[in-house]
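K.L.:
Below you'll find input-v6.cif; it's mmCIF, C-alpha atoms.
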data_coords
loop_
_atom_site.label_atom_id
_atom_site.label_comp_id
_atom_site.auth_asym_id
_atom_site.auth_seq_id
_atom_site.Cartn_x
_atom_site.Cartn_y
_atom_site.Cartn_z
CA MET A 1058 3.21 199.73 -0.03
CA ALA A 1059 -0.55 199.41 0.40
CA ALA A 1060 -2.09 199.49 -3.08
CA LEU A 1061 -5.24 197.42 -3.48
CA ARG A 1062 -5.86 197.95 -7.19
CA LEU A 1063 -4.27 199.35 -10.30
CA PRO A 1064 -4.64 203.01 -11.23
CA ASP A 1065 -7.55 204.08 -13.38
CA PRO A 1066 -6.36 204.53 -16.96
CA ARG A 1067 -5.99 208.02 -18.39
CA PRO A 1068 -5.41 209.12 -21.99
CA ASP A 1069 -2.34 211.15 -20.97
CA TRP A 1070 -0.30 208.12 -19.89
CA ALA A 1071 3.05 207.08 -21.36
CA LEU A 1072 3.49 203.30 -21.08
CA PHE A 1073 6.88 201.73 -20.39
CA LEU A 1074 6.87 197.94 -20.40
CA ASP A 1075 9.41 195.37 -19.29
CA VAL A 1076 9.31 192.19 -21.38
CA ASP A 1077 10.26 188.98 -19.52
CA GLY A 1078 7.88 188.36 -16.65
CA CYS A 1079 5.43 190.99 -17.91
CA LEU A 1080 4.68 190.80 -21.63
CA VAL A 1081 5.90 187.20 -21.79
CA ASP A 1082 6.04 184.54 -19.09
CA ILE A 1083 9.44 183.62 -17.68
CA ALA A 1084 10.89 180.61 -19.51
CA PRO A 1085 13.75 178.21 -18.67
CA THR A 1086 15.98 180.03 -21.18
CA PRO A 1087 15.67 183.47 -22.84
CA ASP A 1088 15.05 181.98 -26.28
CA ALA A 1089 12.25 179.72 -25.01
CA VAL A 1090 9.74 182.48 -24.24
CA VAL A 1091 6.40 182.41 -26.04
CA VAL A 1092 4.71 185.56 -27.33
CA GLU A 1093 0.94 185.11 -27.12
CA PRO A 1094 -0.91 185.40 -30.43
CA GLY A 1095 -2.29 188.88 -30.74
CA LEU A 1096 0.24 190.52 -28.43
CA PRO A 1097 2.11 192.40 -31.18
CA ALA A 1098 -1.21 193.74 -32.45
CA LEU A 1099 -2.16 194.72 -28.90
CA LEU A 1100 1.05 196.73 -28.58
CA ASP A 1101 0.21 198.56 -31.80
CA ARG A 1102 -3.30 199.32 -30.55
CA LEU A 1103 -1.99 200.57 -27.21
CA ALA A 1104 0.50 202.82 -28.98
CA VAL A 1105 -2.37 204.37 -30.94
CA ARG A 1106 -4.50 204.78 -27.81
CA PHE A 1107 -1.73 206.63 -25.99
CA GLY A 1108 -0.62 208.83 -28.87
CA GLY A 1109 2.48 206.79 -29.69
CA ALA A 1110 3.77 207.00 -26.11
CA LEU A 1111 4.57 203.32 -25.57
CA ALA A 1112 8.05 201.87 -25.24
CA LEU A 1113 9.64 198.57 -24.31
CA VAL A 1114 12.36 198.94 -21.67
CA SER A 1115 14.18 195.63 -21.43
CA GLY A 1116 17.44 193.93 -20.62
CA ARG A 1117 17.21 192.14 -23.95
CA PRO A 1118 19.08 193.46 -27.00
CA LEU A 1119 17.02 195.47 -29.48
CA ALA A 1120 17.36 192.82 -32.17
CA GLU A 1121 15.68 190.25 -29.92
CA LEU A 1122 12.85 192.64 -29.08
CA GLU A 1123 12.17 193.28 -32.74
CA GLN A 1124 12.19 189.57 -33.49
CA LEU A 1125 9.89 188.71 -30.59
CA PHE A 1126 7.18 191.25 -31.36
CA HIS A 1127 7.33 191.42 -35.16
CA PRO A 1128 5.53 192.96 -36.98
CA ALA A 1129 4.98 195.48 -34.17
CA ARG A 1130 7.94 197.82 -33.76
CA PRO A 1131 7.28 200.03 -30.75
CA ALA A 1132 9.85 202.41 -29.36
CA ALA A 1133 12.38 200.49 -27.30
CA ALA A 1134 15.48 200.73 -25.16
CA GLY A 1135 17.54 197.54 -25.02
CA GLN A 1136 20.14 196.25 -22.59
CA HIS A 1137 18.77 198.34 -19.71
CA GLY A 1138 19.02 201.58 -21.65
CA LEU A 1139 22.43 200.99 -23.21
CA GLU A 1140 21.06 200.31 -26.70
CA TRP A 1141 18.84 202.65 -28.74
CA ARG A 1142 17.68 202.65 -32.33
CA GLY A 1143 19.61 205.05 -34.51
CA ARG A 1144 22.40 205.63 -31.99
CA PRO A 1145 25.98 204.41 -32.49
CA PRO A 1146 27.09 201.64 -30.12
CA LEU A 1147 28.86 202.73 -26.96
CA PRO A 1148 32.52 201.78 -26.49
CA ARG A 1149 32.97 198.74 -24.28
CA PRO A 1150 35.10 198.81 -21.13
CA GLU A 1151 38.74 197.79 -21.20
CA GLY A 1152 38.99 194.07 -20.47
CA PHE A 1153 35.42 193.32 -21.62
CA GLU A 1154 36.33 190.66 -24.18
CA ALA A 1155 38.49 188.79 -21.69
CA LEU A 1156 35.45 187.95 -19.57
CA ASP A 1157 33.97 185.60 -22.14
CA ALA A 1158 36.33 182.66 -21.53
CA PRO A 1159 35.96 182.40 -17.71
CA LEU A 1160 32.19 182.89 -17.91
CA GLN A 1161 31.90 180.17 -20.55
CA ALA A 1162 34.13 177.87 -18.49
CA PHE A 1163 31.85 178.38 -15.48
CA ALA A 1164 28.78 177.52 -17.56
CA GLU A 1165 30.42 174.38 -18.91
CA ALA A 1166 31.47 173.30 -15.41
CA HIS A 1167 27.91 173.68 -14.08
CA PRO A 1168 25.39 171.78 -16.24
CA GLY A 1169 22.21 173.78 -16.57
CA VAL A 1170 23.93 177.18 -16.43
CA LEU A 1171 23.55 179.23 -19.61
CA LEU A 1172 25.84 182.08 -20.65
CA GLU A 1173 24.02 184.82 -22.55
CA ARG A 1174 26.28 187.15 -24.52
CA LYS A 1175 25.19 190.71 -25.29
CA SER A 1176 27.00 193.49 -27.11
CA HIS A 1177 27.57 195.35 -23.84
CA GLY A 1178 27.21 192.70 -21.18
CA PHE A 1179 26.86 189.09 -20.12
CA ALA A 1180 24.30 187.11 -18.16
CA LEU A 1181 24.68 183.79 -16.36
CA HIS A 1182 21.28 182.09 -16.15
CA TYR A 1183 21.06 179.34 -13.54
CA ARG A 1184 17.32 178.58 -13.39
CA ALA A 1185 18.12 174.97 -14.31
CA ALA A 1186 20.99 174.80 -11.79
CA PRO A 1187 19.97 176.79 -8.68
CA ALA A 1188 22.94 175.55 -6.64
CA ALA A 1189 25.27 177.42 -9.00
CA GLY A 1190 23.81 180.81 -8.14
CA ALA A 1191 26.24 181.76 -5.38
CA GLY A 1192 29.23 180.79 -7.50
CA ALA A 1193 27.91 182.74 -10.48
CA LEU A 1194 27.53 185.86 -8.34
CA ALA A 1195 31.02 185.51 -6.86
CA LEU A 1196 32.58 185.04 -10.28
CA ALA A 1197 30.71 188.01 -11.73
CA ARG A 1198 31.92 190.26 -8.93
CA ARG A 1199 35.50 189.11 -9.36
CA LEU A 1200 35.45 189.63 -13.11
CA ALA A 1201 33.74 193.02 -12.90
CA ALA A 1202 36.67 194.32 -10.88
CA THR A 1203 39.03 193.55 -13.79
CA THR A 1204 37.32 195.94 -16.22
CA ALA A 1205 37.80 199.68 -16.59
CA PRO A 1206 35.42 201.32 -16.05
CA GLU A 1207 34.15 198.56 -13.81
CA LEU A 1208 31.11 196.65 -14.99
CA ARG A 1209 28.01 196.64 -12.81
CA VAL A 1210 26.93 193.31 -11.28
CA MET A 1211 23.15 192.92 -11.10
CA PRO A 1212 21.57 189.78 -9.56
CA GLY A 1213 18.07 189.04 -10.83
CA LYS A 1214 15.58 186.19 -10.91
CA MET A 1215 17.86 183.16 -11.27
CA VAL A 1216 20.35 185.22 -13.26
CA VAL A 1217 23.44 187.32 -12.62
CA GLU A 1218 24.15 190.09 -15.11
CA LEU A 1219 27.36 191.94 -15.88
CA ARG A 1220 26.62 195.20 -17.66
CA MET A 1221 28.04 198.63 -18.25
CA ALA A 1222 27.36 201.28 -15.67
CA GLY A 1223 25.91 204.68 -16.51
CA ALA A 1224 22.52 203.54 -17.80
CA ASP A 1225 19.57 201.72 -16.32
CA LYS A 1226 15.83 201.45 -16.87
CA GLY A 1227 15.28 204.63 -14.92
CA THR A 1228 17.59 206.71 -17.08
CA ALA A 1229 16.02 205.14 -20.19
CA ILE A 1230 12.54 206.21 -19.07
CA ARG A 1231 13.80 209.71 -18.29
CA ALA A 1232 15.32 209.99 -21.77
CA PHE A 1233 12.05 208.94 -23.40
CA MET A 1234 10.10 211.43 -21.27
CA GLU A 1235 12.26 214.31 -22.49
CA ALA A 1236 11.10 213.88 -26.10
CA PRO A 1237 7.80 213.65 -27.98
CA PRO A 1238 5.47 211.80 -27.98
CA PHE A 1239 6.25 211.05 -24.31
CA ARG A 1240 6.97 214.60 -23.10
CA GLY A 1241 4.26 216.04 -20.85
CA ARG A 1242 2.59 212.69 -20.18
CA VAL A 1243 2.29 210.65 -16.98
CA PRO A 1244 4.79 207.74 -17.00
CA VAL A 1245 3.56 204.24 -16.17
CA PHE A 1246 6.19 201.52 -15.85
CA ALA A 1247 5.62 197.81 -15.25
CA GLY A 1248 8.40 195.38 -14.31
CA ASP A 1249 8.92 192.21 -12.34
CA ASP A 1250 12.54 192.04 -11.12
CA VAL A 1251 15.21 193.88 -9.15
CA THR A 1252 16.55 195.26 -12.44
CA ASP A 1253 13.28 197.19 -12.73
CA GLU A 1254 13.64 199.03 -9.42
CA ASP A 1255 15.48 201.93 -11.09
CA GLY A 1256 12.48 202.35 -13.37
CA PHE A 1257 10.03 202.23 -10.47
CA ALA A 1258 11.97 204.91 -8.61
CA MET A 1259 12.13 207.15 -11.68
CA VAL A 1260 8.41 207.09 -12.48
CA ASN A 1261 7.60 207.62 -8.80
CA ALA A 1262 9.78 210.73 -8.80
CA MET A 1263 7.98 211.93 -11.92
CA GLY A 1264 4.56 211.52 -10.31
CA GLY A 1265 3.74 208.44 -12.38
CA HIS A 1266 2.66 204.88 -11.63
CA SER A 1267 5.03 201.98 -10.86
CA ILE A 1268 3.60 198.47 -11.23
CA ARG A 1269 5.26 195.30 -9.99
CA VAL A 1270 4.16 192.15 -11.80
CA GLY A 1271 4.27 188.89 -9.85
CA PRO A 1272 5.19 187.99 -6.26
CA ASP A 1273 7.87 189.63 -4.15
CA ILE A 1274 11.04 190.27 -6.13
CA GLY A 1275 13.96 188.04 -5.25
CA SER A 1276 17.28 187.20 -6.82
CA GLY A 1277 17.89 183.87 -5.15
CA HIS A 1278 20.61 185.45 -2.98
CA GLY A 1279 18.74 186.03 0.27
CA ALA A 1280 15.51 187.76 1.21
CA PRO A 1281 13.82 189.83 -1.53
CA PRO A 1282 14.36 193.56 -1.18
CA ALA A 1283 11.46 195.91 -0.58
CA SER A 1284 10.13 197.14 -3.90
CA ALA A 1285 9.58 200.80 -4.77
CA ALA A 1286 6.57 199.83 -6.90
CA ARG A 1287 3.30 201.32 -5.70
CA TRP A 1288 0.93 198.90 -7.43
CA THR A 1289 0.95 195.14 -8.03
CA VAL A 1290 -0.49 192.54 -10.37
CA PRO A 1291 -0.33 188.89 -9.24
CA ASP A 1292 1.18 187.49 -12.44
CA ALA A 1293 2.09 188.19 -16.05
CA PRO A 1294 -1.14 186.77 -17.56
CA GLY A 1295 -3.12 189.08 -15.28
CA PHE A 1296 -1.00 192.02 -16.37
CA ARG A 1297 -1.57 191.24 -20.04
CA ARG A 1298 -5.32 191.06 -19.43
CA TRP A 1299 -5.13 194.48 -17.81
CA LEU A 1300 -3.22 195.84 -20.80
CA ALA A 1301 -5.87 194.47 -23.15
CA GLY A 1302 -8.50 196.23 -21.08
CA LEU A 1303 -6.77 199.57 -21.59
CA VAL A 1304 -7.59 199.41 -25.29
CA VAL A 1305 -11.34 199.18 -24.73
CA MET A 1306 -11.62 201.71 -21.90
CA ASP A 1307 -12.61 205.00 -23.45
CA GLU A 1308 -12.69 206.95 -20.19
CA PRO A 1309 -10.99 206.49 -16.81
CA ALA A 1310 -13.41 204.41 -14.77
CA GLY A 1311 -13.75 201.38 -12.57
CA GLU A 1312 -11.22 199.39 -10.65
CA GLY A 1313 -8.23 197.62 -12.12
CA ALA A 1314 -7.11 194.03 -11.79
CA GLY A 1315 -4.26 194.48 -9.36
CA GLY A 1316 -3.63 192.25 -6.37
CA PRO A 1317 -2.81 193.29 -2.85
CA GLY A 1318 0.29 195.38 -2.41
CA THR A 1319 3.04 194.56 0.04
#
In structure tokens, what does this structure look like?

P.N.:
Amino acid sequence: MAALRLPDPRPDWALFLDVDGCLVDIAPTPDAVVVEPGLPALLDRLAVRFGGALALVSGRPLAELEQLFHPARPAAAGQHGLEWRGRPPLPRPEGFEALDAPLQAFAEAHPGVLLERKSHGFALHYRAAPAAGAGALALARRLAATTAPELRVMPGKMVVELRMAGADKGTAIRAFMEAPPFRGRVPVFAGDDVTDEDGFAMVNAMGGHSIRVGPDIGSGHGAPPASAARWTVPDAPGFRRWLAGLVVMDEPAGEGAGGPGT
């Protein structure tokens, strides 16, 4: 990947935005993130600029997204595309509920590890206990094999997620792009973690723009994989500044704020 700047903005874009690490800085725990003053209003202004074609695509549940960015209420797909407004909840795999006790026991046995419960998945956060990462991954893989259909294990930045298969950020973006106001536009997706790679690959296949926010993606379980993203921004504050600039750019022009690609 050899991008030196971000793409010039165009009025026919459809924006898809990850949340943690992009719209908000990574925090020690999911509930400790801080939404900058003015960010909800910025999302509303961006939605107007791009004809309503703006959506949050996040691993967080929808209820958390609505709470974080109130009073803005952009289109959104929660839990990596498993949760949508106005759609009935999907049935959970056989054996799902039985995972709670061993995951909680692991968190209690490793001070600093936090168990996050979602309607269709779990996440073990070990940012405050890095040495527990390998054990968290091993446990997640063992437990996933006990469910039917088998849950997907997804390592991320100091977190291991267990979530239902069959949906990811790429399929969420594709679903948005099949309906107005997104249909016929050029998709632009920004993310910061390995869980965003499906989204990068999807927008690339659609002829859109994939933007990685922050340094090389790594899960804490070995060397970071090569990213499919074609553009980069050094950090989340820089990405938010770029987003703010999209509101005031009336015509595609000038160079963006992206850092060197890898």

K.L.:
Mind pulling up the distance from atom CA of A:Ala1110 to atom CA of A:Pro1237?

P.N.:
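Rounded to one decimal, the two atoms are 8.0 Å apart.
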
K.L.:
Enter the distance from atom CA of A:Val1304 to atom CA of A:Trp1288, in Å, rounded to one decimal.

P.N.:
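These atoms are spaced 19.8 Å apart.
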
K.L.:
Identify which of the residues A:Val1090, A:Ala1084, A:Val1105, A:Leu1072 lies closest to A:Met1215, counting all atoms listed in the file when measuring atom-to-atom distances.

P.N.:
A:Ala1084

K.L.:
I'd like the contact shell of A:Met1221 - 8 Å cut-off, only C-alpha atoms, skipping same-chain residues fewer than 5 positions apart - returned as a PyMOL selection string.

P.N.:
chain A and resi 1139+1149-1150+1177-1178+1207-1209

K.L.:
Running the PyMOL selection byres ((chain A and resi 1261) around 12) on this model by hand, what would come out? Give it as a list in words.

P.N.:
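Expected selection for the PyMOL selection byres ((chain A and resi 1261) around 12) here is Gly1227, Ile1230, Arg1231, Val1243, Pro1244, Val1245, Phe1246, Ala1247, Glu1254, Asp1255, Gly1256, Phe1257, Ala1258, Met1259, Val1260, Ala1262, Met1263, Gly1264, Gly1265, His1266, Ser1267, Ile1268, Ser1284, Ala1285, Ala1286, Arg1287 and Trp1288 of chain A.
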
K.L.:
Run the PyMOL selection byres ((chain A and resi 1078) around 12) against the file shown and list the residues it catches, as a CSV table (one decimal) with C-alpha atoms, in the frame of the given file.

P.N.:
chain,number,residue,atom,x,y,z
A,1074,LEU,CA,6.9,197.9,-20.4
A,1075,ASP,CA,9.4,195.4,-19.3
A,1076,VAL,CA,9.3,192.2,-21.4
A,1077,ASP,CA,10.3,189.0,-19.5
A,1079,CYS,CA,5.4,191.0,-17.9
A,1080,LEU,CA,4.7,190.8,-21.6
A,1081,VAL,CA,5.9,187.2,-21.8
A,1082,ASP,CA,6.0,184.5,-19.1
A,1083,ILE,CA,9.4,183.6,-17.7
A,1084,ALA,CA,10.9,180.6,-19.5
A,1085,PRO,CA,13.8,178.2,-18.7
A,1087,PRO,CA,15.7,183.5,-22.8
A,1090,VAL,CA,9.7,182.5,-24.2
A,1091,VAL,CA,6.4,182.4,-26.0
A,1092,VAL,CA,4.7,185.6,-27.3
A,1115,SER,CA,14.2,195.6,-21.4
A,1116,GLY,CA,17.4,193.9,-20.6
A,1213,GLY,CA,18.1,189.0,-10.8
A,1214,LYS,CA,15.6,186.2,-10.9
A,1247,ALA,CA,5.6,197.8,-15.2
A,1248,GLY,CA,8.4,195.4,-14.3
A,1249,ASP,CA,8.9,192.2,-12.3
A,1250,ASP,CA,12.5,192.0,-11.1
A,1251,VAL,CA,15.2,193.9,-9.2
A,1252,THR,CA,16.6,195.3,-12.4
A,1253,ASP,CA,13.3,197.2,-12.7
A,1269,ARG,CA,5.3,195.3,-10.0
A,1270,VAL,CA,4.2,192.2,-11.8
A,1271,GLY,CA,4.3,188.9,-9.8
A,1272,PRO,CA,5.2,188.0,-6.3
A,1274,ILE,CA,11.0,190.3,-6.1
A,1290,VAL,CA,-0.5,192.5,-10.4
A,1291,PRO,CA,-0.3,188.9,-9.2
A,1292,ASP,CA,1.2,187.5,-12.4
A,1293,ALA,CA,2.1,188.2,-16.0
A,1294,PRO,CA,-1.1,186.8,-17.6
A,1295,GLY,CA,-3.1,189.1,-15.3
A,1296,PHE,CA,-1.0,192.0,-16.4
A,1297,ARG,CA,-1.6,191.2,-20.0

K.L.:
Any idea what's packed within 10 Å of A:Leu1196, counting only C-alpha atoms, ignoring anything in its chain fewer than 6 positions away? Could you give it as a list in words?

P.N.:
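The filter keeps Pro1159, Leu1160, Phe1163, Gly1190 and Val1217 of chain A.
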
K.L.:
So what do you get for atom CA of A:Ala1301 versus atom CA of A:Ala1098, distance-wise?

P.N.:
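A separation of 10.4 Å between them.
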
K.L.:
Would you write out, as a PDB file with C-alpha atoms, in the coordinates of the input, every residue that the PyMOL selection byres ((chain A and resi 1107) around 9) captures in this file?

P.N.:
ATOM      1  CA  ARG A1067      -5.990 208.020 -18.390  1.00  0.00           C
ATOM      2  CA  PRO A1068      -5.410 209.120 -21.990  1.00  0.00           C
ATOM      3  CA  ASP A1069      -2.340 211.150 -20.970  1.00  0.00           C
ATOM      4  CA  TRP A1070      -0.300 208.120 -19.890  1.00  0.00           C
ATOM      5  CA  ALA A1071       3.050 207.080 -21.360  1.00  0.00           C
ATOM      6  CA  LEU A1072       3.490 203.300 -21.080  1.00  0.00           C
ATOM      7  CA  ARG A1102      -3.300 199.320 -30.550  1.00  0.00           C
ATOM      8  CA  LEU A1103      -1.990 200.570 -27.210  1.00  0.00           C
ATOM      9  CA  ALA A1104       0.500 202.820 -28.980  1.00  0.00           C
ATOM     10  CA  VAL A1105      -2.370 204.370 -30.940  1.00  0.00           C
ATOM     11  CA  ARG A1106      -4.500 204.780 -27.810  1.00  0.00           C
ATOM     12  CA  GLY A1108      -0.620 208.830 -28.870  1.00  0.00           C
ATOM     13  CA  GLY A1109       2.480 206.790 -29.690  1.00  0.00           C
ATOM     14  CA  ALA A1110       3.770 207.000 -26.110  1.00  0.00           C
ATOM     15  CA  LEU A1111       4.570 203.320 -25.570  1.00  0.00           C
TER      16      LEU A1111
END

K.L.:
Go through A:Ala1201, A:Ala1112, A:Ala1224, A:Ala1188 one by one, measure the shortest atom-to-atom distance of each to A:Asp1157 using only C-alpha atoms, and give the residue with the smallest value.

P.N.:
A:Ala1201

K.L.:
Given the choices A:Ala1155, A:Pro1145, A:Thr1086, A:Ala1120, which gets closest to A:Leu1181 if the distance is worked out from only C-alpha atoms?

P.N.:
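Checking each candidate against A:Leu1181, we get A:Thr1086 as the closest.
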
K.L.:
With distances taken over all atoms listed in the file, which of A:Arg1144, A:Arg1298, A:His1182, A:Arg1220 is nearest to A:Leu1200?

P.N.:
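The shortest atom-to-atom distance to A:Leu1200 comes from A:Arg1220.
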
K.L.:
Taking N, CA, C and O atoms as the atom set, what does stretch 1189-1204 of chain A look like once completed, written as a PDB file, in the coordinates of the input?

P.N.:
ATOM      1  N   ALA A1189      24.133 176.683  -8.421  1.00  0.00           N
ATOM      2  CA  ALA A1189      25.270 177.420  -9.000  1.00  0.00           C
ATOM      3  C   ALA A1189      25.144 178.916  -8.813  1.00  0.00           C
ATOM      4  O   ALA A1189      26.054 179.668  -9.186  1.00  0.00           O
ATOM      5  N   GLY A1190      24.050 179.377  -8.227  1.00  0.00           N
ATOM      6  CA  GLY A1190      23.810 180.810  -8.140  1.00  0.00           C
ATOM      7  C   GLY A1190      24.871 181.567  -7.359  1.00  0.00           C
ATOM      8  O   GLY A1190      25.350 182.627  -7.796  1.00  0.00           O
ATOM      9  N   ALA A1191      25.249 181.057  -6.199  1.00  0.00           N
ATOM     10  CA  ALA A1191      26.240 181.760  -5.380  1.00  0.00           C
ATOM     11  C   ALA A1191      27.585 181.850  -6.100  1.00  0.00           C
ATOM     12  O   ALA A1191      28.261 182.882  -6.073  1.00  0.00           O
ATOM     13  N   GLY A1192      27.975 180.776  -6.768  1.00  0.00           N
ATOM     14  CA  GLY A1192      29.230 180.790  -7.500  1.00  0.00           C
ATOM     15  C   GLY A1192      29.192 181.745  -8.676  1.00  0.00           C
ATOM     16  O   GLY A1192      30.192 182.416  -8.977  1.00  0.00           O
ATOM     17  N   ALA A1193      28.046 181.816  -9.350  1.00  0.00           N
ATOM     18  CA  ALA A1193      27.910 182.740 -10.480  1.00  0.00           C
ATOM     19  C   ALA A1193      28.046 184.183 -10.012  1.00  0.00           C
ATOM     20  O   ALA A1193      28.709 185.001 -10.663  1.00  0.00           O
ATOM     21  N   LEU A1194      27.446 184.500  -8.876  1.00  0.00           N
ATOM     22  CA  LEU A1194      27.530 185.860  -8.340  1.00  0.00           C
ATOM     23  C   LEU A1194      28.962 186.199  -7.941  1.00  0.00           C
ATOM     24  O   LEU A1194      29.463 187.288  -8.243  1.00  0.00           O
ATOM     25  N   ALA A1195      29.636 185.264  -7.278  1.00  0.00           N
ATOM     26  CA  ALA A1195      31.020 185.510  -6.860  1.00  0.00           C
ATOM     27  C   ALA A1195      31.928 185.716  -8.058  1.00  0.00           C
ATOM     28  O   ALA A1195      32.794 186.611  -8.066  1.00  0.00           O
ATOM     29  N   LEU A1196      31.757 184.895  -9.083  1.00  0.00           N
ATOM     30  CA  LEU A1196      32.580 185.040 -10.280  1.00  0.00           C
ATOM     31  C   LEU A1196      32.312 186.373 -10.967  1.00  0.00           C
ATOM     32  O   LEU A1196      33.255 187.063 -11.388  1.00  0.00           O
ATOM     33  N   ALA A1197      31.043 186.751 -11.076  1.00  0.00           N
ATOM     34  CA  ALA A1197      30.710 188.010 -11.730  1.00  0.00           C
ATOM     35  C   ALA A1197      31.358 189.190 -11.005  1.00  0.00           C
ATOM     36  O   ALA A1197      31.899 190.105 -11.642  1.00  0.00           O
ATOM     37  N   ARG A1198      31.317 189.168  -9.686  1.00  0.00           N
ATOM     38  CA  ARG A1198      31.920 190.260  -8.930  1.00  0.00           C
ATOM     39  C   ARG A1198      33.436 190.316  -9.120  1.00  0.00           C
ATOM     40  O   ARG A1198      34.021 191.395  -9.243  1.00  0.00           O
ATOM     41  N   ARG A1199      34.051 189.145  -9.171  1.00  0.00           N
ATOM     42  CA  ARG A1199      35.500 189.110  -9.360  1.00  0.00           C
ATOM     43  C   ARG A1199      35.879 189.623 -10.744  1.00  0.00           C
ATOM     44  O   ARG A1199      36.836 190.417 -10.887  1.00  0.00           O
ATOM     45  N   LEU A1200      35.132 189.216 -11.751  1.00  0.00           N
ATOM     46  CA  LEU A1200      35.450 189.630 -13.110  1.00  0.00           C
ATOM     47  C   LEU A1200      35.152 191.107 -13.337  1.00  0.00           C
ATOM     48  O   LEU A1200      35.873 191.796 -14.063  1.00  0.00           O
ATOM     49  N   ALA A1201      34.095 191.608 -12.725  1.00  0.00           N
ATOM     50  CA  ALA A1201      33.740 193.020 -12.900  1.00  0.00           C
ATOM     51  C   ALA A1201      34.881 193.923 -12.451  1.00  0.00           C
ATOM     52  O   ALA A1201      35.133 194.978 -13.056  1.00  0.00           O
ATOM     53  N   ALA A1202      35.580 193.502 -11.418  1.00  0.00           N
ATOM     54  CA  ALA A1202      36.670 194.320 -10.880  1.00  0.00           C
ATOM     55  C   ALA A1202      37.872 194.384 -11.808  1.00  0.00           C
ATOM     56  O   ALA A1202      38.762 195.210 -11.600  1.00  0.00           O
ATOM     57  N   THR A1203      37.894 193.548 -12.858  1.00  0.00           N
ATOM     58  CA  THR A1203      39.030 193.550 -13.790  1.00  0.00           C
ATOM     59  C   THR A1203      38.795 194.469 -14.981  1.00  0.00           C
ATOM     60  O   THR A1203      39.686 194.606 -15.825  1.00  0.00           O
ATOM     61  N   THR A1204      37.629 195.087 -15.087  1.00  0.00           N
ATOM     62  CA  THR A1204      37.320 195.940 -16.220  1.00  0.00           C
ATOM     63  C   THR A1204      37.437 197.412 -15.832  1.00  0.00           C
ATOM     64  O   THR A1204      37.330 197.770 -14.661  1.00  0.00           O
TER      65      THR A1204
END
